[in-house]
$ cat protein_31.cif   # mmCIF, C-alpha atoms
data_data
#
loop_
_atom_site.label_atom_id
_atom_site.label_comp_id
_atom_site.auth_asym_id
_atom_site.auth_seq_id
_atom_site.Cartn_x
_atom_site.Cartn_y
_atom_site.Cartn_z
CA MET A 1 0.00 0.00 0.00
CA MET A 2 2.67 2.50 1.04
CA ASP A 3 4.86 1.21 -1.77
CA ALA A 4 2.10 1.78 -4.32
CA LEU A 5 1.46 5.33 -3.12
CA ARG A 6 5.16 6.10 -3.15
CA GLU A 7 5.50 4.71 -6.64
CA MET A 8 2.59 6.82 -7.90
CA ALA A 9 3.96 9.94 -6.26
CA LEU A 10 7.37 9.41 -7.82
CA GLU A 11 5.82 8.90 -11.26
CA GLU A 12 4.03 12.21 -10.93
CA GLY A 13 7.29 13.86 -9.99
CA VAL A 14 6.34 15.26 -6.60
CA VAL A 15 8.90 17.05 -4.49
CA VAL A 16 10.33 14.39 -2.24
CA GLY A 17 9.97 15.14 1.46
CA GLU A 18 13.02 13.13 2.45
CA PRO A 19 15.54 13.84 -0.29
CA ASP A 20 18.30 11.86 1.42
CA ILE A 21 16.25 8.68 1.50
CA TRP A 22 15.27 9.15 -2.12
CA ALA A 23 18.93 9.67 -2.99
CA PHE A 24 19.75 6.47 -1.11
CA HIS A 25 17.16 4.50 -3.08
CA ARG A 26 18.22 6.07 -6.36
CA GLU A 27 21.93 5.37 -5.90
CA PHE A 28 21.18 1.83 -4.74
CA LEU A 29 19.12 1.11 -7.83
CA LYS A 30 21.73 2.68 -10.09
CA GLN A 31 24.19 0.17 -8.71
CA VAL A 32 21.81 -2.68 -9.45
CA ASP A 33 21.19 -1.34 -12.92
CA LYS A 34 24.87 -0.90 -13.62
CA ARG A 35 26.23 -4.26 -12.54
CA GLY A 36 23.36 -6.37 -11.21
CA ARG A 37 24.82 -6.30 -7.72
CA VAL A 38 25.53 -3.58 -5.23
CA TYR A 39 29.12 -2.47 -4.88
CA GLU A 40 28.96 -1.01 -1.40
CA LEU A 41 32.05 1.15 -1.64
CA GLU A 42 30.97 3.02 -4.75
CA PHE A 43 27.37 3.09 -3.55
CA MET A 44 28.39 4.90 -0.37
CA ALA A 45 30.74 7.25 -2.21
CA ARG A 46 28.07 8.22 -4.72
CA PHE A 47 25.44 8.59 -2.04
CA LYS A 48 27.74 10.96 -0.15
CA LEU A 49 28.35 12.96 -3.32
CA SER A 50 24.69 13.24 -4.16
CA THR A 51 23.74 14.51 -0.72
CA MET A 52 26.89 16.66 -0.44
CA ASN A 53 27.27 15.39 3.07
CA LEU A 54 30.78 14.21 2.53
CA PHE A 55 32.21 13.99 6.01
CA GLN A 56 29.39 12.41 7.92
CA ASP A 57 30.40 8.87 8.87
CA MET A 58 33.81 9.16 7.24
CA GLY A 59 35.35 7.67 10.40
CA ALA A 60 33.00 4.72 10.44
CA GLY A 61 33.51 4.15 6.72
CA MET A 62 37.29 4.18 7.06
CA LYS A 63 37.08 1.77 9.97
CA MET A 64 35.02 -0.65 7.92
CA LEU A 65 37.41 -0.32 5.03
CA LEU A 66 40.46 -0.95 7.20
CA LYS A 67 38.84 -3.96 8.81
CA GLY A 68 38.28 -5.42 5.38
CA ARG A 69 34.52 -5.13 5.57
CA LEU A 70 34.10 -3.28 2.31
CA GLU A 71 35.00 -5.05 -0.86
CA LEU A 72 37.59 -3.24 -2.92
CA LEU A 73 36.63 -4.53 -6.33
CA PRO A 74 33.10 -4.70 -7.67
CA GLN A 75 31.40 -7.86 -8.85
CA THR A 76 29.29 -7.90 -11.94
CA VAL A 77 26.61 -10.23 -13.20
CA HIS A 78 27.73 -11.96 -16.40
CA LYS A 79 24.46 -11.67 -18.24
CA LEU A 80 24.08 -7.95 -17.72
CA GLU A 81 21.78 -7.70 -20.72
CA GLU A 82 19.13 -9.51 -18.67
CA ILE A 83 19.39 -6.89 -15.95
CA ARG A 84 19.14 -4.22 -18.66
CA ARG A 85 16.01 -5.85 -20.07
CA ILE A 86 14.42 -5.86 -16.62
CA GLY A 87 15.24 -2.17 -16.23
CA ASP A 88 13.89 -1.36 -19.70
CA ALA A 89 10.66 -3.24 -19.02
CA CYS A 90 10.05 -1.38 -15.78
CA TYR A 91 11.29 2.10 -16.56
CA GLY A 92 11.24 2.27 -20.34
CA PRO A 93 14.40 2.30 -22.47
CA LYS A 94 14.82 6.06 -22.17
CA ARG A 95 15.40 6.10 -18.45
CA LYS A 96 18.19 8.21 -17.08
CA LYS A 97 21.40 6.30 -16.77
CA MET B 1 -3.52 -20.23 6.98
CA VAL B 2 -3.53 -22.72 4.14
CA GLN B 3 -0.72 -20.76 2.59
CA LYS B 4 1.29 -20.97 5.78
CA GLU B 5 0.82 -24.73 6.09
CA ARG B 6 2.05 -25.13 2.57
CA ASN B 7 5.11 -22.98 3.23
CA LYS B 8 5.87 -24.96 6.32
CA ASN B 9 5.90 -28.17 4.34
CA ASP B 10 8.38 -26.51 2.03
CA LEU B 11 10.63 -25.95 4.98
CA THR B 12 10.71 -29.44 6.39
CA GLU B 13 11.35 -31.42 3.23
CA GLY B 14 14.69 -32.18 1.69
CA GLN B 15 17.07 -32.07 4.64
CA GLY B 16 20.51 -33.63 4.61
CA HIS B 17 21.81 -32.92 1.12
CA SER B 18 25.54 -33.02 0.83
CA ARG B 19 25.57 -29.99 -1.41
CA ILE B 20 23.83 -26.87 -0.23
CA TYR B 21 22.98 -24.23 -2.78
CA TYR B 22 22.84 -20.73 -1.47
CA TYR B 23 21.97 -17.23 -2.51
CA PRO B 24 24.58 -14.97 -0.90
CA GLY B 25 23.23 -11.48 -1.41
CA CYS B 26 25.37 -8.40 -1.85
CA SER B 27 26.34 -7.84 1.77
CA LEU B 28 27.81 -11.30 2.23
CA MET B 29 30.59 -10.43 -0.17
CA SER B 30 31.68 -7.33 1.69
CA SER B 31 30.26 -5.98 4.92
CA ALA B 32 29.23 -9.40 6.16
CA ARG B 33 32.22 -11.34 4.89
CA GLU B 34 32.87 -13.00 8.24
CA LEU B 35 29.31 -14.31 8.20
CA GLY B 36 29.98 -15.92 4.84
CA GLU B 37 33.19 -17.52 6.02
CA SER B 38 31.65 -18.77 9.25
CA LEU B 39 28.75 -20.32 7.33
CA PHE B 40 31.09 -22.03 4.96
CA GLN B 41 32.99 -23.60 7.84
CA MET B 42 29.78 -24.39 9.67
CA SER B 43 28.34 -26.33 6.79
CA ARG B 44 31.46 -28.47 6.71
CA ILE B 45 30.61 -29.77 10.18
CA ASN B 46 27.41 -30.93 8.63
CA GLY B 47 29.34 -32.72 5.91
CA SER B 48 27.96 -30.38 3.28
CA TRP B 49 29.52 -28.18 0.71
CA LEU B 50 28.19 -24.76 -0.14
CA SER B 51 27.63 -23.85 -3.79
CA GLU B 52 26.65 -20.39 -4.85
CA LEU B 53 23.74 -19.75 -7.19
CA GLN B 54 25.56 -19.03 -10.45
CA ASP B 55 25.35 -15.49 -11.79
CA TRP B 56 22.90 -14.33 -9.12
CA ASN B 57 21.86 -10.69 -9.04
CA CYS B 58 20.81 -8.30 -6.29
CA CYS B 59 17.33 -9.07 -4.95
CA GLY B 60 16.49 -5.36 -5.04
CA ALA B 61 16.23 -5.10 -1.24
CA SER B 62 14.17 -2.24 0.15
CA PRO B 63 14.93 0.42 -2.47
CA ALA B 64 13.52 -1.59 -5.39
CA HIS B 65 10.15 -2.41 -3.88
CA SER B 66 9.85 1.07 -2.42
CA VAL B 67 10.28 2.71 -5.79
CA ASN B 68 9.08 0.29 -8.44
CA GLN B 69 7.44 -2.96 -7.49
CA ASP B 70 7.73 -4.58 -10.89
CA TYR B 71 11.46 -3.95 -10.84
CA ALA B 72 11.70 -5.63 -7.43
CA LEU B 73 9.65 -8.55 -8.68
CA LEU B 74 11.66 -9.13 -11.83
CA LEU B 75 15.03 -8.81 -10.11
CA ALA B 76 14.02 -11.48 -7.63
CA GLY B 77 12.37 -13.42 -10.45
CA ARG B 78 15.61 -13.66 -12.40
CA ASN B 79 17.24 -15.39 -9.42
CA LEU B 80 14.36 -17.83 -9.20
CA LEU B 81 14.65 -18.63 -12.89
CA LEU B 82 18.40 -19.15 -12.53
CA ALA B 83 17.87 -21.56 -9.67
CA GLU B 84 15.29 -23.44 -11.70
CA ARG B 85 17.56 -23.57 -14.73
CA GLN B 86 20.44 -24.83 -12.59
CA GLY B 87 18.26 -27.63 -11.24
CA ILE B 88 18.34 -26.40 -7.66
CA ASP B 89 15.60 -27.84 -5.46
CA ASN B 90 16.45 -26.09 -2.22
CA LEU B 91 17.94 -22.64 -2.33
CA HIS B 92 19.24 -21.39 1.02
CA VAL B 93 19.08 -17.65 1.43
CA ILE B 94 21.52 -16.04 3.84
CA CYS B 95 20.04 -12.61 4.49
CA PRO B 96 16.55 -12.34 6.01
CA SER B 97 15.79 -9.36 3.79
CA CYS B 98 16.73 -11.22 0.59
CA PHE B 99 14.76 -14.21 1.87
CA VAL B 100 11.58 -12.18 2.21
CA ARG B 101 12.09 -10.53 -1.22
CA LEU B 102 12.65 -13.84 -3.01
CA ARG B 103 9.78 -15.50 -1.24
CA THR B 104 7.46 -12.62 -1.98
CA ALA B 105 8.35 -12.88 -5.65
CA ALA B 106 7.83 -16.65 -5.70
CA LYS B 107 4.38 -16.25 -4.15
CA THR B 108 3.48 -13.47 -6.55
CA PHE B 109 4.41 -15.54 -9.61
CA GLU B 110 2.39 -18.42 -8.23
CA ASN B 111 -0.72 -16.39 -7.51
CA GLU B 112 -0.70 -13.74 -10.24
CA PRO B 113 -0.35 -15.28 -13.72
CA ASP B 114 -0.04 -11.87 -15.39
CA LYS B 115 3.14 -11.18 -13.40
CA ASN B 116 4.54 -14.52 -14.46
CA GLU B 117 3.75 -13.60 -18.07
CA MET B 118 5.59 -10.35 -17.58
CA LEU B 119 8.59 -12.37 -16.40
CA GLU B 120 8.34 -14.50 -19.51
CA SER B 121 8.13 -11.49 -21.81
CA VAL B 122 11.29 -9.99 -20.28
CA LEU B 123 13.44 -13.02 -19.55
CA GLY B 124 11.93 -15.57 -21.90
CA LYS B 125 10.67 -18.06 -19.36
CA LYS B 126 7.97 -18.44 -16.75
CA TYR B 127 8.78 -19.41 -13.20
CA GLN B 128 7.45 -22.92 -12.59
CA GLY B 129 7.64 -22.75 -8.83
CA SER B 130 9.94 -25.72 -8.36
CA VAL B 131 12.54 -24.07 -6.11
CA LYS B 132 12.09 -24.29 -2.36
CA LEU B 133 13.43 -21.20 -0.69
CA LYS B 134 14.91 -21.77 2.72
CA PHE B 135 16.55 -19.64 5.31
CA PHE B 136 20.13 -20.77 5.87
CA LEU B 137 19.76 -21.47 9.58
CA GLU B 138 17.45 -24.31 8.75
CA MET B 139 20.49 -26.43 8.16
CA MET B 140 21.29 -25.98 11.84
CA THR B 141 17.96 -26.75 13.38
CA GLU B 142 15.99 -29.88 14.15
CA ASP B 143 17.62 -33.16 13.17
CA GLN B 144 20.92 -31.51 12.34
CA LEU B 145 21.36 -30.03 15.80
CA GLY B 146 23.05 -33.13 17.25
CA ARG B 147 25.99 -32.86 14.87
CA PHE B 148 26.64 -29.29 15.83
CA LYS B 149 26.40 -30.12 19.51
CA ASN B 150 28.99 -32.86 19.07
CA ALA B 151 31.34 -30.43 17.40
CA VAL B 152 31.54 -28.16 20.45
CA ILE B 153 34.97 -28.47 22.06
CA ASN B 154 35.25 -25.05 23.64
CA PRO B 155 31.94 -24.29 25.37
CA LEU B 156 31.46 -20.56 25.56
CA LYS B 157 30.98 -20.38 29.33
CA GLY B 158 30.55 -16.88 30.62
CA LEU B 159 28.97 -15.41 27.51
CA LYS B 160 25.59 -14.12 28.41
CA GLY B 161 23.73 -13.10 25.33
CA VAL B 162 20.40 -11.82 24.18
CA LEU B 163 19.05 -13.15 20.90
CA TYR B 164 18.14 -10.39 18.54
CA PHE B 165 15.84 -11.51 15.72
CA GLY B 166 15.11 -8.17 14.11
CA CYS B 167 12.16 -7.45 11.87
CA LEU B 168 12.37 -9.99 9.09
CA LEU B 169 13.72 -13.20 10.55
CA THR B 170 10.32 -14.71 11.16
CA ARG B 171 7.94 -12.15 9.78
CA PRO B 172 5.67 -11.82 7.91
CA GLU B 173 4.66 -15.22 9.19
CA TRP B 174 2.35 -16.07 6.29
CA LEU B 175 5.26 -15.54 3.94
CA THR B 176 8.13 -17.22 5.75
CA GLY B 177 6.05 -20.18 6.88
CA PHE B 178 7.75 -20.40 10.26
CA ASP B 179 5.83 -20.95 13.45
CA VAL B 180 7.41 -18.08 15.27
CA ARG B 181 7.51 -19.42 18.83
CA PRO B 182 8.91 -22.91 18.19
CA TYR B 183 11.30 -21.52 15.63
CA GLU B 184 12.68 -18.94 18.03
CA GLU B 185 12.90 -21.58 20.70
CA SER B 186 14.93 -23.83 18.41
CA LEU B 187 17.36 -20.98 17.69
CA ASN B 188 17.62 -20.38 21.41
CA GLU B 189 18.33 -24.04 22.00
CA MET B 190 20.99 -24.00 19.30
CA VAL B 191 22.77 -21.05 20.92
CA ARG B 192 22.50 -22.56 24.39
CA SER B 193 24.03 -25.80 23.15
CA LEU B 194 27.22 -23.81 22.50
CA GLY B 195 27.49 -23.03 26.19
CA VAL B 196 26.14 -19.51 25.91
CA GLU B 197 23.66 -18.43 28.54
CA THR B 198 20.70 -16.74 26.89
CA VAL B 199 18.51 -14.20 28.60
CA ASN B 200 14.93 -13.35 27.81
CA TRP B 201 14.24 -9.76 26.94
CA GLY B 202 11.58 -7.65 25.32
CA TYR B 203 13.59 -6.12 22.49
CA ALA B 204 14.33 -9.16 20.35
CA LYS B 205 12.14 -7.87 17.54
CA GLN B 206 12.47 -4.16 18.03
CA CYS B 207 13.60 -2.69 14.70
CA CYS B 208 17.27 -1.65 14.74
CA GLY B 209 16.68 0.86 11.93
CA SER B 210 19.34 -0.50 9.59
CA HIS B 211 17.44 0.71 6.52
CA LEU B 212 17.86 4.27 7.77
CA ALA B 213 21.36 3.85 9.19
CA VAL B 214 22.94 5.84 6.40
CA THR B 215 20.24 8.38 5.73
CA LYS B 216 19.03 9.19 9.25
CA PRO B 217 21.94 8.38 11.56
CA ASP B 218 20.63 10.38 14.50
CA THR B 219 17.32 8.53 14.59
CA VAL B 220 19.09 5.22 14.30
CA ASP B 221 21.57 6.12 17.05
CA ASP B 222 18.61 6.44 19.38
CA MET B 223 17.06 3.17 18.22
CA VAL B 224 20.30 1.26 18.72
CA ASP B 225 20.92 2.92 22.09
CA ARG B 226 17.53 1.78 23.30
CA ILE B 227 18.20 -1.80 22.24
CA ARG B 228 21.66 -1.80 23.81
CA ASP B 229 20.35 -0.25 26.98
CA GLN B 230 17.77 -3.03 27.32
CA ALA B 231 20.39 -5.67 26.66
CA ARG B 232 22.61 -4.21 29.38
CA ARG B 233 19.70 -4.01 31.81
CA VAL B 234 18.99 -7.71 31.55
CA GLY B 235 22.66 -8.36 32.22
CA ALA B 236 23.83 -9.46 28.77
CA ASN B 237 27.45 -9.07 27.72
CA CYS B 238 26.82 -9.66 24.02
CA MET B 239 24.07 -9.74 21.43
CA ILE B 240 23.47 -12.60 19.01
CA VAL B 241 22.06 -11.86 15.58
CA PHE B 242 21.15 -13.63 12.35
CA CYS B 243 20.98 -10.78 9.85
CA PRO B 244 24.00 -9.11 8.20
CA LEU B 245 22.33 -5.71 8.13
CA CYS B 246 21.39 -5.81 11.82
CA GLN B 247 24.89 -6.90 12.79
CA VAL B 248 26.63 -3.98 11.10
CA ASN B 249 24.06 -1.50 12.29
CA LEU B 250 24.07 -2.63 15.92
CA GLU B 251 27.84 -2.27 16.04
CA LEU B 252 28.07 0.90 13.98
CA ARG B 253 25.35 3.08 15.47
CA GLY B 254 24.46 4.13 18.99
CA LYS B 255 26.24 6.82 20.93
CA ASN B 256 25.21 7.06 24.51
CA VAL B 257 25.16 3.52 25.79
CA GLU B 258 28.35 1.54 26.20
CA PRO B 259 28.54 -0.76 23.17
CA LEU B 260 28.15 -4.53 23.28
CA PRO B 261 29.82 -6.92 20.85
CA VAL B 262 27.36 -8.39 18.36
CA PHE B 263 27.97 -11.94 17.14
CA TYR B 264 26.44 -14.00 14.39
CA ALA B 265 25.16 -17.30 15.69
CA SER B 266 27.44 -19.06 13.21
CA GLU B 267 30.46 -17.18 14.58
CA LEU B 268 29.69 -18.44 18.05
CA LEU B 269 29.58 -21.94 16.65
CA GLY B 270 32.93 -21.24 15.01
CA MET B 271 34.42 -20.27 18.35
CA ALA B 272 32.81 -23.15 20.22
CA ALA B 273 33.97 -25.72 17.68
CA LYS B 274 37.28 -23.91 17.01
CA LEU B 275 36.59 -23.89 13.30
CA PRO B 276 39.46 -22.77 11.05
CA GLY B 277 39.75 -19.01 10.72
CA HIS B 278 37.46 -17.96 13.54
CA LYS B 279 39.99 -15.52 15.00
CA GLY B 280 40.06 -13.69 11.70
CA TRP B 281 36.30 -13.21 11.78
CA LEU B 282 36.50 -11.68 15.24
CA SER B 283 39.03 -9.09 14.12
CA LYS B 284 36.57 -7.76 11.56
CA HIS B 285 34.12 -6.58 14.18
CA LEU B 286 33.61 -2.86 14.54
CA ILE B 287 33.29 -3.37 18.28
CA ASP B 288 36.27 -5.42 19.29
CA PRO B 289 34.97 -8.56 21.07
CA ASN B 290 38.46 -9.71 22.10
CA PRO B 291 38.62 -7.96 25.50
CA LEU B 292 35.38 -9.66 26.51
CA LEU B 293 36.42 -13.03 25.14
CA SER B 294 39.87 -12.98 26.69
CA SER B 295 38.48 -11.94 30.07
CA LEU B 296 36.41 -15.12 29.90
CA ASN B 297 39.37 -17.17 28.63
CA LEU B 298 37.54 -18.09 25.46
CA VAL B 299 40.21 -17.17 22.92
#
$ encode --input "protein_31.cif" --output "structure tokens"
Amino acid sequence: MMDALREMALEEGVVVGEPDIWAFHREFLKQVDKRGRVYELEFMARFKLSTMNLFQDMGAGMKMLLKGRLELLPQTVHKLEEIRRIGDACYGPKRKK
Amino acid sequence: MVQKERNKNDLTEGQGHSRIYYYPGCSLMSSARELGESLFQMSRINGSWLSELQDWNCCGASPAHSVNQDYALLLAGRNLLLAERQGIDNLHVICPSCFVRLRTAAKTFENEPDKNEMLESVLGKKYQGSVKLKFFLEMMTEDQLGRFKNAVINPLKGLKGVLYFGCLLTRPEWLTGFDVRPYEESLNEMVRSLGVETVNWGYAKQCCGSHLAVTKPDTVDDMVDRIRDQARRVGANCMIVFCPLCQVNLELRGKNVEPLPVFYASELLGMAAKLPGHKGWLSKHLIDPNPLLSSLNLV
């Protein structure tokens, strides 16, 4: 129910009340669209860039990195064209990359 | 109710395979790496070998179903098709969130033929419904428990833990097919068999806020503090979790209450059975558990 309302609101292009959460969702889905899996390191970096809140949690992020809890290299699904087809079917081929 | 009975049957069939197929999920490869390694070692006690679902993709997690439900459905659907194509009967899912996403998709394809047709139009095949989705801990419960008990050589005396189930481990019940009470009791029994004293508390299913950990840290700090505070009040010296997102969040967030180490149940088994590599898992914790463990002479 909430999901459906949110989806409708986004389609109509409303101003999002919680821009950070929307940015989080958007960057997450971009990761999925790009490689089929989420590459946490880039996801976090891009999320920080898009909210311009660069220094929040830097300490925690560095700690995770140093403890080897963030993967350094991304993994990609082999059949990426299937992920692309899913994206095209749901958002239309002209979606923003 | 009928639905739940049917799910439950799904869960009890097909135990004891020597090869266990699993869906790792994105976090297992990075932020929950020690969970992955501990599971791998754990399954060896059971005489089984873990095999990953080939070419799996992200299940979509919360962002996909929050923004576009078809996208969430098809992402999960691709994994189901892969499992079917690879002849996998039982697919063990590691993360409770992935588990709920995949199971939701499987139920949707079963009950809504137009969604299954959509899957066919995009990926060229309908989902037949032949894959049984299981939560990974099921390999540790019921008839398998004896083997794990026998493997314990270093009982974890002195650890006093609260079990933290989080939001999605058993819920929604109609979807997961677990009977919540007996299931929680069996997890409790499993942890106790490792020598850990478990304490009852009221916050086992209080949301830890991991989905907002990055976007609303202040709110989540409060949520984690409240959980930690309760755990301390009942006299626990550690928390025991089953979900990779909860584990990171419960160690990362919270400001005002003195932090508690948070262990995966499989890590505790690793320590109790002295499985290869368990010291390495412990060093990955954001809250160093070693002072606690060495004060109890457990490492």
$ closest_residue --input "protein_31.cif" --among "B:Gly36, B:Leu50, B:Gln69, B:Leu163" --to "Cys90 (chain A)" --atoms "all atoms listed in the file"
B:Gln69
$ resolve_selection --input "protein_31.cif" --expression "the PyMOL selection byres ((chain B) within 8 of (chain A))" --output "PyMOL selection string"
chain B and resi 26-27+29-33+55-58+60+63-71+74-75+122-123+212+215+252+283-286
$ atom_distance --input "protein_31.cif" --atom1 "CA of Arg232 (chain B)" --atom2 "CA of Pro172 (chain B)"
28.4 Å
$ residues_around --input "protein_31.cif" --residues "Ala105 (chain B)" --least-positions-apart "3" --cutoff "12 Å" --atoms "all atoms listed in the file" --output "VMD selection string"
chain B and resid 59 to 61 65 69 to 81 98 to 102 108 to 112 115 to 116 119 127 129 131 133 175
$ atom_distance --input "protein_31.cif" --atom1 "CA of Leu91 (chain B)" --atom2 "CA of Ala273 (chain B)"
25.8 Å
$ atom_distance --input "protein_31.cif" --atom1 "CA of Ile240 (chain B)" --atom2 "CA of Val191 (chain B)"
8.7 Å
$ residues_near_point --input "protein_31.cif" --point "(18.4, -28.2, 22.4)" --cutoff "10 Å" --atoms "only C-alpha atoms" --output "list in words"
Thr141, Glu142, Leu145, Gly146, Lys149, Glu185, Ser186, Leu187, Asn188, Glu189, Met190, Val191, Arg192, Ser193 and Leu194 of chain B
$ residues_around --input "protein_31.cif" --residues "region 225-231 of chain B" --least-positions-apart "3" --cutoff "9 Å" --atoms "all atoms listed in the file" --output "count of residues only"
28
$ resolve_selection --input "protein_31.cif" --expression "the PyMOL selection byres ((chain B and resi 21) around 7)" --output "list in words"
Arg19, Ile20, Tyr22, Leu50, Ser51, Glu52, Leu53, Asn90, Leu91 and His92 of chain B
$ closest_residue --input "protein_31.cif" --among "B:Ser43, B:Asn290, B:Asn297, B:Ser18" --to "Arg147 (chain B)" --atoms "all atoms listed in the file"
B:Ser43
$ closest_residue --input "protein_31.cif" --among "B:Met223, B:Val214, B:Met271, B:Ile45" --to "Ala45 (chain A)" --atoms "all atoms listed in the file"
B:Val214
$ closest_residue --input "protein_31.cif" --among "B:Ser121, B:Ser210, B:Gln128, B:Ser294" --to "Pro244 (chain B)" --atoms "all atoms listed in the file"
B:Ser210
$ decode --input "protein_31.cif" --residues "region 21-45 of chain B" --atoms "C-alpha atoms" --output "CSV table (one decimal), in the first residue's frame"
chain,number,residue,atom,x,y,z
B,21,TYR,CA,23.0,-24.2,-2.8
B,22,TYR,CA,22.8,-20.7,-1.5
B,23,TYR,CA,22.0,-17.2,-2.5
B,24,PRO,CA,24.6,-15.0,-0.9
B,25,GLY,CA,23.2,-11.5,-1.4
B,26,CYS,CA,25.4,-8.4,-1.9
B,27,SER,CA,26.3,-7.8,1.8
B,28,LEU,CA,27.8,-11.3,2.2
B,29,MET,CA,30.6,-10.4,-0.2
B,30,SER,CA,31.7,-7.3,1.7
B,31,SER,CA,30.3,-6.0,4.9
B,32,ALA,CA,29.2,-9.4,6.2
B,33,ARG,CA,32.2,-11.3,4.9
B,34,GLU,CA,32.9,-13.0,8.2
B,35,LEU,CA,29.3,-14.3,8.2
B,36,GLY,CA,30.0,-15.9,4.8
B,37,GLU,CA,33.2,-17.5,6.0
B,38,SER,CA,31.6,-18.8,9.2
B,39,LEU,CA,28.7,-20.3,7.3
B,40,PHE,CA,31.1,-22.0,5.0
B,41,GLN,CA,33.0,-23.6,7.8
B,42,MET,CA,29.8,-24.4,9.7
B,43,SER,CA,28.3,-26.3,6.8
B,44,ARG,CA,31.5,-28.5,6.7
B,45,ILE,CA,30.6,-29.8,10.2
